[in-house]
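Shown next: run-v8.cif, containing mmCIF, C-alpha atoms (C1' of nucleotides).
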data_final
#
loop_
_atom_site.label_atom_id
_atom_site.label_comp_id
_atom_site.auth_asym_id
_atom_site.auth_seq_id
_atom_site.Cartn_x
_atom_site.Cartn_y
_atom_site.Cartn_z
CA MET C 65 -7.90 19.82 21.47
CA ASP C 66 -7.47 18.43 24.94
CA LEU C 67 -5.59 15.13 24.85
CA PRO C 68 -2.44 13.51 26.25
CA PRO C 69 0.41 13.97 23.74
CA LEU C 70 0.62 10.36 22.58
CA ILE C 71 -3.09 10.11 21.92
CA GLN C 72 -3.17 13.53 20.34
CA ALA C 73 -0.46 12.57 17.87
CA PHE C 74 -2.40 9.45 16.92
CA VAL C 75 -5.66 11.36 16.55
CA LEU C 76 -4.09 14.09 14.46
CA HIS C 77 -2.41 11.63 12.16
CA PHE C 78 -5.63 9.74 11.59
CA GLY C 79 -7.37 13.00 10.87
CA GLU C 80 -4.86 13.76 8.14
CA MET C 81 -4.96 10.28 6.67
CA GLY C 82 -8.73 10.32 6.76
CA SER C 83 -8.65 12.93 4.04
CA ARG C 84 -6.72 10.59 1.76
CA TRP C 85 -9.49 8.09 2.12
CA GLY C 86 -13.03 9.19 1.51
CA ILE C 87 -13.60 10.36 5.08
CA ASN C 88 -13.00 13.84 6.46
CA ARG C 89 -10.68 14.95 9.17
CA THR C 90 -13.18 15.01 12.00
CA VAL C 91 -14.46 11.54 11.20
CA GLY C 92 -10.92 10.20 11.22
CA GLN C 93 -10.21 11.91 14.51
CA ILE C 94 -13.34 10.62 16.18
CA TYR C 95 -12.53 7.10 15.15
CA ALA C 96 -8.94 7.36 16.34
CA LEU C 97 -10.05 8.80 19.65
CA LEU C 98 -12.55 6.01 20.24
CA TYR C 99 -10.09 3.39 19.10
CA ALA C 100 -7.45 4.50 21.56
CA SER C 101 -9.88 5.12 24.40
CA ASP C 102 -10.05 2.77 27.35
CA ARG C 103 -13.77 3.37 27.83
CA PRO C 104 -16.87 4.33 25.84
CA LEU C 105 -17.27 8.05 25.22
CA ASN C 106 -20.37 10.14 24.72
CA ALA C 107 -20.73 12.84 22.12
CA GLU C 108 -20.19 15.63 24.61
CA GLU C 109 -16.86 14.17 25.71
CA ILE C 110 -15.74 13.75 22.11
CA THR C 111 -16.69 17.37 21.45
CA HIS C 112 -14.51 18.62 24.29
CA ARG C 113 -11.60 16.33 23.61
CA LEU C 114 -11.36 17.19 19.93
CA GLY C 115 -12.46 20.81 20.18
CA VAL C 116 -15.03 20.63 17.41
CA SER C 117 -18.71 21.47 17.44
CA ARG C 118 -21.34 19.21 18.88
CA SER C 119 -23.13 18.99 15.56
CA ASN C 120 -19.97 18.03 13.77
CA VAL C 121 -19.49 15.16 16.19
CA SER C 122 -23.06 14.07 15.65
CA MET C 123 -22.56 13.93 11.90
CA GLY C 124 -19.20 12.23 12.25
CA LEU C 125 -20.63 9.53 14.46
CA ARG C 126 -23.42 8.94 12.01
CA GLU C 127 -20.88 8.55 9.22
CA LEU C 128 -18.85 6.08 11.27
CA ASP C 129 -22.05 4.22 11.97
CA THR C 130 -22.80 3.82 8.26
CA TRP C 131 -19.29 2.42 7.94
CA ARG C 132 -20.11 0.06 10.84
CA LEU C 133 -16.94 1.15 12.59
CA VAL C 134 -18.51 2.27 15.86
CA LYS C 135 -20.86 0.57 18.27
CA LEU C 136 -23.47 2.36 20.30
CA ARG C 137 -23.81 1.43 23.96
CA HIS C 138 -25.65 2.64 27.01
CA LEU C 139 -24.44 2.97 30.55
CA PRO C 140 -26.79 2.34 33.48
CA ASP C 141 -28.61 5.44 34.77
CA ASP C 142 -27.34 7.60 31.95
CA ARG C 143 -29.47 8.23 28.95
CA ARG C 144 -26.73 9.62 26.76
CA ASP C 145 -25.38 7.51 23.91
CA TYR C 146 -21.93 6.09 24.45
CA PHE C 147 -19.71 4.97 21.62
CA THR C 148 -16.89 2.48 21.23
CA ALA C 149 -14.79 1.80 18.16
CA LEU C 150 -14.94 -1.54 16.46
CA ASP C 151 -11.52 -2.49 17.73
CA ASP C 152 -10.79 -6.08 16.81
CA PRO C 153 -8.24 -5.62 14.02
CA TRP C 154 -9.58 -8.44 11.85
CA ALA C 155 -13.13 -7.25 12.26
CA ILE C 156 -11.94 -3.82 11.11
CA VAL C 157 -10.21 -5.28 8.07
CA ARG C 158 -13.30 -7.26 7.13
CA THR C 159 -15.65 -4.35 7.65
CA LEU C 160 -13.53 -1.94 5.66
CA ALA C 161 -13.13 -4.43 2.85
CA GLU C 162 -16.85 -5.04 2.67
CA GLU C 163 -17.90 -1.43 2.86
CA ARG C 164 -15.38 -0.29 0.31
CA ARG C 165 -16.44 -3.03 -2.06
CA LYS C 166 -20.04 -1.98 -1.65
CA ARG C 167 -19.27 1.69 -2.21
CA GLU C 168 -16.54 1.59 -4.80
CA ILE C 169 -16.34 -1.74 -6.58
CA ASP C 170 -19.96 -2.77 -6.96
CA PRO C 171 -21.14 0.43 -8.63
CA THR C 172 -18.18 0.31 -11.00
CA LEU C 173 -18.81 -3.31 -11.93
CA SER C 174 -22.42 -2.48 -12.52
CA VAL C 175 -21.52 0.31 -14.94
CA LEU C 176 -18.91 -1.83 -16.67
CA ARG C 177 -21.29 -4.73 -17.18
CA ASP C 178 -23.87 -2.39 -18.55
CA LEU C 179 -21.41 -0.93 -21.03
CA LEU C 180 -20.28 -4.39 -22.11
CA MET C 181 -23.87 -5.25 -23.07
CA GLN C 182 -24.08 -2.34 -25.49
CA THR C 183 -23.40 -2.73 -29.18
CA PRO C 184 -20.35 -0.69 -30.18
CA ALA C 185 -21.17 1.92 -32.80
CA SER C 186 -17.66 2.26 -34.20
CA GLU C 187 -14.19 0.78 -34.31
CA GLU C 188 -13.28 3.13 -31.51
CA GLU C 189 -16.06 1.95 -29.25
CA GLN C 190 -15.30 -1.64 -30.09
CA HIS C 191 -11.73 -1.16 -28.96
CA ALA C 192 -12.88 0.59 -25.81
CA GLN C 193 -15.18 -2.31 -25.04
CA ALA C 194 -12.31 -4.77 -25.35
CA ARG C 195 -10.39 -2.73 -22.77
CA LEU C 196 -13.38 -2.61 -20.50
CA ARG C 197 -13.69 -6.36 -20.78
CA ASP C 198 -10.09 -6.78 -19.58
CA LEU C 199 -10.67 -4.47 -16.68
CA THR C 200 -13.92 -6.13 -15.69
CA GLY C 201 -12.34 -9.56 -15.71
CA THR C 202 -9.53 -8.45 -13.45
CA ILE C 203 -11.82 -6.72 -11.00
CA GLU C 204 -14.07 -9.76 -10.89
CA LEU C 205 -11.16 -12.06 -10.21
CA LEU C 206 -9.89 -9.85 -7.41
CA THR C 207 -13.22 -9.29 -5.72
CA GLY C 208 -14.20 -12.93 -6.10
CA TRP C 209 -11.02 -13.90 -4.34
CA ALA C 210 -11.56 -11.30 -1.64
CA ALA C 211 -15.10 -12.54 -1.05
CA GLU C 212 -13.89 -16.10 -0.58
CA VAL C 213 -11.07 -15.16 1.73
CA GLN C 214 -13.49 -12.97 3.65
CA ARG C 215 -15.35 -16.09 4.70
CA LEU C 216 -12.36 -17.71 6.36
CA PRO C 217 -12.18 -17.63 10.16
CA ASP C 218 -9.61 -15.22 11.58
CA GLU C 219 -7.25 -17.99 12.48
CA ARG C 220 -7.08 -19.23 8.91
CA LEU C 221 -6.71 -15.75 7.55
CA VAL C 222 -3.72 -15.12 9.79
CA GLN C 223 -2.24 -18.46 8.86
CA LEU C 224 -2.55 -17.57 5.20
CA LEU C 225 -1.04 -14.13 5.61
CA LYS C 226 1.88 -15.49 7.56
CA LEU C 227 2.58 -17.97 4.82
CA GLY C 228 2.95 -15.09 2.38
CA SER C 229 4.22 -16.04 -1.03
CA GLY C 230 5.03 -19.43 0.45
CA VAL C 231 1.68 -20.63 -0.84
CA VAL C 232 3.25 -20.96 -4.22
CA LYS C 233 5.45 -23.74 -2.97
CA LEU C 234 2.30 -25.50 -1.85
CA LEU C 235 0.77 -25.03 -5.26
CA ASP C 236 3.81 -26.59 -6.85
CA ALA C 237 3.84 -29.46 -4.39
CA LYS C 238 0.19 -30.05 -5.10
CA ASP C 239 0.74 -30.07 -8.86
CA ARG C 240 3.54 -32.58 -8.55
CA LEU C 241 1.55 -34.80 -6.23
CA THR C 242 -1.44 -34.69 -8.51
CA VAL C 243 0.65 -35.77 -11.44
CA VAL C 244 2.34 -38.59 -9.57
CA LEU C 245 -0.80 -39.94 -7.97
CA GLY C 246 -2.91 -39.38 -11.09
CA GLY C 247 -5.42 -37.23 -9.26
CA LYS C 248 -7.89 -34.77 -10.72
CA ARG C 249 -7.23 -33.99 -14.38
CA ARG C 250 -5.32 -30.78 -14.98
CA SER C 251 -2.81 -29.52 -17.49
CA THR C 252 0.63 -30.93 -16.83
CA PRO C 253 3.14 -28.35 -15.59
CA LYS C 254 5.75 -27.63 -18.22
CA GLU C 255 8.64 -26.43 -16.03
CA MET O 7 -17.33 16.79 -23.67
CA ASP O 8 -17.02 15.31 -27.11
CA LEU O 9 -17.01 11.52 -26.93
CA PRO O 10 -18.93 8.51 -28.24
CA PRO O 11 -21.64 7.55 -25.72
CA LEU O 12 -20.04 4.35 -24.51
CA ILE O 13 -16.70 5.98 -23.86
CA GLN O 14 -18.32 9.02 -22.34
CA ALA O 15 -20.22 6.89 -19.84
CA PHE O 16 -16.99 5.17 -18.84
CA VAL O 17 -15.10 8.45 -18.53
CA LEU O 18 -17.84 10.09 -16.49
CA HIS O 19 -18.07 7.16 -14.12
CA PHE O 20 -14.34 7.14 -13.54
CA GLY O 21 -14.45 10.85 -12.91
CA GLU O 22 -17.02 10.34 -10.18
CA MET O 23 -15.21 7.40 -8.63
CA GLY O 24 -11.94 9.29 -8.75
CA SER O 25 -13.34 11.58 -6.09
CA ARG O 26 -13.86 8.64 -3.74
CA TRP O 27 -10.20 7.85 -4.05
CA GLY O 28 -7.68 10.59 -3.50
CA ILE O 29 -7.77 11.80 -7.11
CA ASN O 30 -9.99 14.49 -8.56
CA ARG O 31 -12.56 14.24 -11.28
CA THR O 32 -10.40 15.46 -14.12
CA VAL O 33 -7.57 13.10 -13.26
CA GLY O 34 -9.99 10.19 -13.22
CA GLN O 35 -11.45 11.23 -16.54
CA ILE O 36 -8.08 11.62 -18.21
CA TYR O 37 -7.04 8.19 -17.09
CA ALA O 38 -10.29 6.60 -18.26
CA LEU O 39 -10.01 8.35 -21.62
CA LEU O 40 -6.47 7.14 -22.17
CA TYR O 41 -7.30 3.67 -20.95
CA ALA O 42 -10.14 3.26 -23.42
CA SER O 43 -8.32 4.95 -26.29
CA ASP O 44 -7.00 2.93 -29.19
CA ARG O 45 -4.07 5.29 -29.70
CA PRO O 46 -1.85 7.69 -27.76
CA LEU O 47 -3.37 11.13 -27.21
CA ASN O 48 -1.71 14.50 -26.79
CA ALA O 49 -2.74 17.09 -24.25
CA GLU O 50 -4.59 19.18 -26.80
CA GLU O 51 -6.75 16.24 -27.83
CA ILE O 52 -7.53 15.40 -24.23
CA THR O 53 -8.49 19.02 -23.64
CA HIS O 54 -11.01 18.98 -26.48
CA ARG O 55 -12.39 15.56 -25.76
CA LEU O 56 -13.04 16.27 -22.08
CA GLY O 57 -13.88 19.94 -22.42
CA VAL O 58 -11.57 21.12 -19.66
CA SER O 59 -8.79 23.68 -19.74
CA ARG O 60 -5.40 22.98 -21.17
CA SER O 61 -3.72 23.76 -17.87
CA ASN O 62 -6.00 21.40 -16.01
CA VAL O 63 -4.98 18.62 -18.37
CA SER O 64 -1.35 19.46 -17.84
CA MET O 65 -1.73 19.17 -14.07
CA GLY O 66 -3.80 16.03 -14.36
CA LEU O 67 -1.20 14.33 -16.51
CA ARG O 68 1.49 15.26 -14.08
CA GLU O 69 -0.53 13.72 -11.26
CA LEU O 70 -1.06 10.52 -13.24
CA ASP O 71 2.64 10.49 -13.90
CA THR O 72 3.47 10.60 -10.19
CA TRP O 73 1.13 7.63 -9.82
CA ARG O 74 3.02 5.94 -12.67
CA LEU O 75 -0.27 5.27 -14.42
CA VAL O 76 0.54 6.94 -17.73
CA LYS O 77 3.41 6.58 -20.11
CA LEU O 78 4.83 9.37 -22.22
CA ARG O 79 5.58 8.64 -25.86
CA HIS O 80 6.60 10.51 -28.97
CA LEU O 81 5.36 10.10 -32.49
CA PRO O 82 7.72 10.64 -35.45
CA ASP O 83 7.72 14.19 -36.84
CA ASP O 84 5.58 15.53 -34.03
CA ARG O 85 7.12 17.22 -31.08
CA ARG O 86 4.07 17.14 -28.88
CA ASP O 87 3.95 14.72 -25.96
CA TYR O 88 1.64 11.76 -26.43
CA PHE O 89 0.27 9.75 -23.57
CA THR O 90 -0.94 6.21 -23.10
CA ALA O 91 -2.44 4.64 -20.01
CA LEU O 92 -0.67 1.86 -18.22
CA ASP O 93 -3.17 -0.69 -19.46
CA ASP O 94 -2.01 -4.13 -18.43
CA PRO O 95 -4.46 -4.96 -15.64
CA TRP O 96 -1.92 -6.70 -13.44
CA ALA O 97 0.56 -3.91 -13.88
CA ILE O 98 -2.17 -1.50 -12.81
CA VAL O 99 -2.95 -3.55 -9.73
CA ARG O 100 0.70 -3.73 -8.76
CA THR O 101 1.30 -0.04 -9.36
CA LEU O 102 -1.75 1.05 -7.40
CA ALA O 103 -0.88 -1.26 -4.53
CA GLU O 104 2.66 0.07 -4.38
CA GLU O 105 1.78 3.72 -4.64
CA ARG O 106 -0.98 3.52 -2.09
CA ARG O 107 1.28 1.70 0.31
CA LYS O 108 3.89 4.39 -0.14
CA ARG O 109 1.41 7.23 0.36
CA GLU O 110 -0.92 5.83 2.97
CA ILE O 111 0.53 2.89 4.82
CA ASP O 112 4.19 3.80 5.19
CA PRO O 113 3.61 7.20 6.79
CA THR O 114 1.09 5.66 9.17
CA LEU O 115 3.42 2.86 10.18
CA SER O 116 6.14 5.39 10.74
CA VAL O 117 3.96 7.40 13.10
CA LEU O 118 2.74 4.29 14.89
CA ARG O 119 6.24 2.95 15.45
CA ASP O 120 7.32 6.29 16.75
CA LEU O 121 4.43 6.39 19.22
CA LEU O 122 5.17 2.86 20.36
CA MET O 123 8.69 3.93 21.32
CA GLN O 124 7.44 6.59 23.70
CA THR O 125 7.01 5.99 27.39
CA PRO O 126 3.35 6.28 28.36
CA ALA O 127 2.73 9.01 30.93
CA SER O 128 -0.50 7.58 32.33
CA GLU O 129 -2.78 4.58 32.48
CA GLU O 130 -4.72 6.10 29.63
CA GLU O 131 -1.69 6.41 27.40
CA GLN O 132 -0.60 2.93 28.32
CA HIS O 133 -3.91 1.56 27.19
CA ALA O 134 -3.76 3.58 23.99
CA GLN O 135 -0.33 2.19 23.29
CA ALA O 136 -1.58 -1.35 23.65
CA ARG O 137 -4.24 -0.60 21.06
CA LEU O 138 -1.68 0.93 18.76
CA ARG O 139 0.43 -2.15 19.12
CA ASP O 140 -2.47 -4.32 17.93
CA LEU O 141 -3.10 -2.09 15.00
CA THR O 142 0.55 -1.95 14.03
CA GLY O 143 0.87 -5.71 14.12
CA THR O 144 -2.09 -6.20 11.86
CA ILE O 145 -0.96 -3.60 9.36
CA GLU O 146 2.51 -5.12 9.30
CA LEU O 147 1.13 -8.58 8.69
CA LEU O 148 -1.06 -7.35 5.84
CA THR O 149 1.57 -5.25 4.13
CA GLY O 150 4.22 -7.92 4.57
CA TRP O 151 1.94 -10.39 2.86
CA ALA O 152 1.15 -7.90 0.10
CA ALA O 153 4.84 -7.26 -0.49
CA GLU O 154 5.54 -10.95 -0.87
CA VAL O 155 2.65 -11.59 -3.19
CA GLN O 156 3.67 -8.52 -5.16
CA ARG O 157 6.84 -10.34 -6.17
CA LEU O 158 5.07 -13.27 -7.77
CA PRO O 159 4.88 -13.36 -11.55
CA ASP O 160 1.45 -12.55 -13.03
CA GLU O 161 0.78 -16.16 -13.85
CA ARG O 162 1.25 -17.23 -10.26
CA LEU O 163 -0.82 -14.38 -8.98
CA VAL O 164 -3.72 -15.36 -11.21
CA GLN O 165 -3.35 -18.96 -10.19
CA LEU O 166 -3.53 -17.96 -6.56
CA LEU O 167 -6.55 -15.74 -7.03
CA LYS O 168 -8.41 -18.42 -8.94
CA LEU O 169 -7.80 -20.85 -6.14
CA GLY O 170 -9.58 -18.47 -3.77
CA SER O 171 -10.23 -19.86 -0.33
CA GLY O 172 -9.25 -23.23 -1.73
CA VAL O 173 -5.75 -22.57 -0.42
CA VAL O 174 -6.96 -23.53 2.99
CA LYS O 175 -7.50 -27.09 1.83
CA LEU O 176 -3.91 -27.10 0.72
CA LEU O 177 -2.82 -25.85 4.11
CA ASP O 178 -4.72 -28.66 5.77
CA ALA O 179 -3.33 -31.22 3.40
CA LYS O 180 0.14 -29.95 4.09
CA ASP O 181 -0.36 -30.13 7.85
CA ARG O 182 -1.58 -33.69 7.63
CA LEU O 183 1.25 -34.73 5.35
CA THR O 184 3.80 -33.13 7.58
CA VAL O 185 2.49 -35.02 10.59
CA VAL O 186 2.34 -38.34 8.80
CA LEU O 187 5.74 -38.07 7.18
CA GLY O 188 7.35 -36.50 10.22
CA GLY O 189 8.52 -33.45 8.31
CA LYS O 190 9.58 -30.08 9.68
CA ARG O 191 8.74 -29.65 13.35
CA ARG O 192 5.52 -27.79 13.98
CA SER O 193 2.82 -27.88 16.63
CA THR O 194 0.49 -30.80 16.12
CA PRO O 195 -3.02 -29.74 15.03
CA LYS O 196 -5.48 -30.28 17.85
CA GLU O 197 -8.72 -30.60 15.87
"C1'" DC M 1345 -49.05 17.32 28.97
"C1'" DT M 1346 -44.79 19.63 30.38
"C1'" DT M 1347 -40.07 19.82 31.57
"C1'" DG M 1348 -35.41 18.73 30.90
"C1'" DC M 1349 -31.94 16.77 28.67
"C1'" DA M 1350 -29.88 14.53 24.38
"C1'" DT M 1351 -29.51 14.35 19.68
"C1'" DT M 1352 -30.28 15.68 14.85
"C1'" DT M 1353 -31.08 18.81 11.17
"C1'" DC M 1354 -29.89 22.35 8.26
"C1'" DA M 1355 -28.84 27.01 6.30
"C1'" DG M 1356 -25.16 29.57 5.79
"C1'" DA M 1357 -20.04 30.54 7.03
"C1'" DA M 1358 -15.49 28.96 6.59
"C1'" DA M 1359 -12.08 26.18 4.67
"C1'" DT M 1360 -10.31 23.53 1.13
"C1'" DT M 1361 -9.88 21.82 -3.42
"C1'" DT M 1362 -10.27 22.24 -8.19
"C1'" DC M 1363 -10.08 24.72 -12.32
"C1'" DT M 1364 -9.01 28.49 -15.50
"C1'" DG M 1365 -6.67 32.05 -18.29
"C1'" DA M 1366 -2.75 34.54 -18.79
"C1'" DA M 1367 1.96 34.78 -18.44
"C1'" DA M 1368 6.31 32.44 -18.12
"C1'" DT M 1369 9.26 28.89 -19.55
"C1'" DA M 1370 11.06 25.35 -22.55
"C1'" DT M 1371 12.17 23.39 -26.93
"C1'" DC M 1372 12.63 22.84 -31.61
"C1'" DT M 1373 13.61 24.85 -36.35
"C1'" DA M 1374 15.10 27.84 -39.64
"C1'" DT Z 915 19.27 34.16 -32.63
"C1'" DA Z 916 14.44 34.82 -33.66
"C1'" DG Z 917 10.17 32.78 -34.30
"C1'" DA Z 918 6.90 29.21 -33.74
"C1'" DT Z 919 4.97 25.76 -31.01
"C1'" DA Z 920 4.41 23.03 -26.75
"C1'" DT Z 921 4.18 22.83 -21.90
"C1'" DT Z 922 4.15 24.47 -17.14
"C1'" DT Z 923 3.23 27.65 -13.54
"C1'" DC Z 924 0.41 30.19 -10.67
"C1'" DA Z 925 -2.82 33.77 -8.79
"C1'" DG Z 926 -7.28 34.19 -8.31
"C1'" DA Z 927 -12.20 32.44 -9.55
"C1'" DA Z 928 -15.36 28.83 -9.06
"C1'" DA Z 929 -16.93 24.74 -7.07
"C1'" DT Z 930 -17.15 21.65 -3.45
"C1'" DT Z 931 -16.72 20.05 1.14
"C1'" DT Z 932 -16.62 20.68 5.89
"C1'" DC Z 933 -18.04 22.85 9.97
"C1'" DT Z 934 -20.87 25.65 13.08
"C1'" DG Z 935 -24.69 27.66 15.78
"C1'" DA Z 936 -29.38 27.89 16.22
"C1'" DA Z 937 -33.55 25.75 15.87
"C1'" DA Z 938 -36.15 21.51 15.59
"C1'" DT Z 939 -36.97 16.96 17.03
"C1'" DG Z 940 -37.02 13.01 20.14
"C1'" DC Z 941 -37.87 10.93 24.39
"C1'" DA Z 942 -37.98 9.67 29.18
"C1'" DA Z 943 -39.59 11.22 33.83
"C1'" DG Z 944 -42.59 13.75 36.58
#
Using structure tokens, write down the structure from this file.
Amino acid sequence: MDLPPLIQAFVLHFGEMGSRWGINRTVGQIYALLYASDRPLNAEEITHRLGVSRSNVSMGLRELDTWRLVKLRHLPDDRRDYFTALDDPWAIVRTLAEERRKREIDPTLSVLRDLLMQTPASEEEQHAQARLRDLTGTIELLTGWAAEVQRLPDERLVQLLKLGSGVVKLLDAKDRLTVVLGGKRRSTPKE
Amino acid sequence: MDLPPLIQAFVLHFGEMGSRWGINRTVGQIYALLYASDRPLNAEEITHRLGVSRSNVSMGLRELDTWRLVKLRHLPDDRRDYFTALDDPWAIVRTLAEERRKREIDPTLSVLRDLLMQTPASEEEQHAQARLRDLTGTIELLTGWAAEVQRLPDERLVQLLKLGSGVVKLLDAKDRLTVVLGGKRRSTPKE
DNA sequence: CTTGCATTTCAGAAATTTCTGAAATATCTA
DNA sequence: TAGATATTTCAGAAATTTCTGAAATGCAAG
């Protein structure tokens, strides 16, 4: 591996962490390298910098492409493919959230819904179904929320995150206001 | 594997999905089995139900224990260990969020902060550092938010999730109110 | 069409992870 | 303490994933 120390440390760490997620070391390293790079790199350069085989880089780039985490570019008078990392942090967050939902959540929800349609053949299965119902409801609530938040413009998203748990105060304020002004019908807060 | 069809389908799916996360098939299956079960199970029972070796179950249970996803119990007049899954959906969400932060985010932040302290030895490293700074900021914002929300009681959390992107309306309303009533000083909205 | 890169594919090698059976350890009971 | 039962450990086997080099494919220019 042929990299300045600071970049190398970053690349190596991302390689390790990559394994914790569903991506392998090389894929993590390629992404880290592109992310930290000040210019687009071609596959050959990545190969030399990381010290892995050309074919491995090719496969890694394809994987990153399916994750929509890299962009392909071309430089004038050079017919090689050049790559840059998707590097806007909020774009990364959105992309990762979407892709992971597609790969991990959606298939699970699909199985769960299917199982909830079935008629339980025993007490045991009936109990299991009740548990599955719980789980499904929670996942639906979470992903529904994520999908809505996903649609907010970056600015709003940041605003929301900065507010943190402060939103709750807003919720309270809203409830009180609604009661006082006789707004939309809702259950009266007990506290 | 010796399970009623509905439960088996659930267990098999979780086994597969487990691989996408950092846990292996058996660990995923054990958790799914316990989650769907209507009573605590001992290791021997799990072994027979899943058709894997006793030692594999032992290791799997230990792993689930480090994730704090199973609870150990004892039944009267039986000295075997019995296990139940952490099954309250919100408890699961909280536990997973915490453990993943501990295992994935914290080490990364630690590396990033360390790299940000270093003096860049070149233009290239300087640019890389700027990127790392972006990334660090975003991760800190996200995890800070998560930590705050984590502290809310379940009820509040659900309330928040149900509101979805509706919070933004509240934010707007608040901004307008604040301006009108001359509340806490803040920059006046331009739009 | 042919030549000269650039990239992809893919079979097998290498590395890593998972799983097992046997032995070791721990714990309760008599 | 010995014996019975429960659990853990761990070295090596099995399975899976990752990586490589060589060959195949693609594609623009001459």
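Shortest separation to chain M among O:Asn30, O:Ser116, O:Thr72, O:Thr101 occurs at residue O:Asn30, atoms counted being only C-alpha atoms (C1' of nucleotides).
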| Which protein, DNA or RNA residues have an atom at most 9 Å from (-7.9, -7.7, 0.4), counting all atoms listed in the file? List them as an MDAnalysis selection string. | (chainID C and resid 157:158 161 206:207 209:211 213:214) or (chainID O and resid 148)
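Applied to this file, the PyMOL selection byres ((chain C) within 8 of (chain M)) selects Ser119, Ser122, Arg143 and Arg144 of chain C.
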Write the selection just made, keeping C-alpha atoms, as an mmCIF file, in the frame of the given file?
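To be explicit, this is the file written out as result-v4.cif:
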data_model
loop_
_atom_site.group_PDB
_atom_site.id
_atom_site.type_symbol
_atom_site.label_atom_id
_atom_site.label_comp_id
_atom_site.auth_asym_id
_atom_site.auth_seq_id
_atom_site.Cartn_x
_atom_site.Cartn_y
_atom_site.Cartn_z
ATOM 1 C CA SER C 119 -23.130 18.990 15.560
ATOM 2 C CA SER C 122 -23.060 14.070 15.650
ATOM 3 C CA ARG C 143 -29.470 8.230 28.950
ATOM 4 C CA ARG C 144 -26.730 9.620 26.760
#
| field | Residues matched by the PyMOL selection byres ((chain C) within 12 of (chain Z)) as a PyMOL selection string | value | chain C and resi 83+86-91+115-124+141-144
| task | Just need the residues of chain C within 7 Å of chain O, counting only C-alpha atoms, so spit them out as a ChimeraX atom specification. | result | /C:70-71,84-86,100-102,153,179,188-189,191-192,195,199,202,205-206,209,212-213,225-226,228-229,234
| Suppose you want the space between atom CA of C:Leu150 and atom CA of C:Val134; what is it in Å? |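 Pair atom CA of C:Leu150 / atom CA of C:Val134 returns 5.3 Å.
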| Quick one, how far is atom CA of C:Leu125 from atom CA of C:Ile94? | 7.6 Å
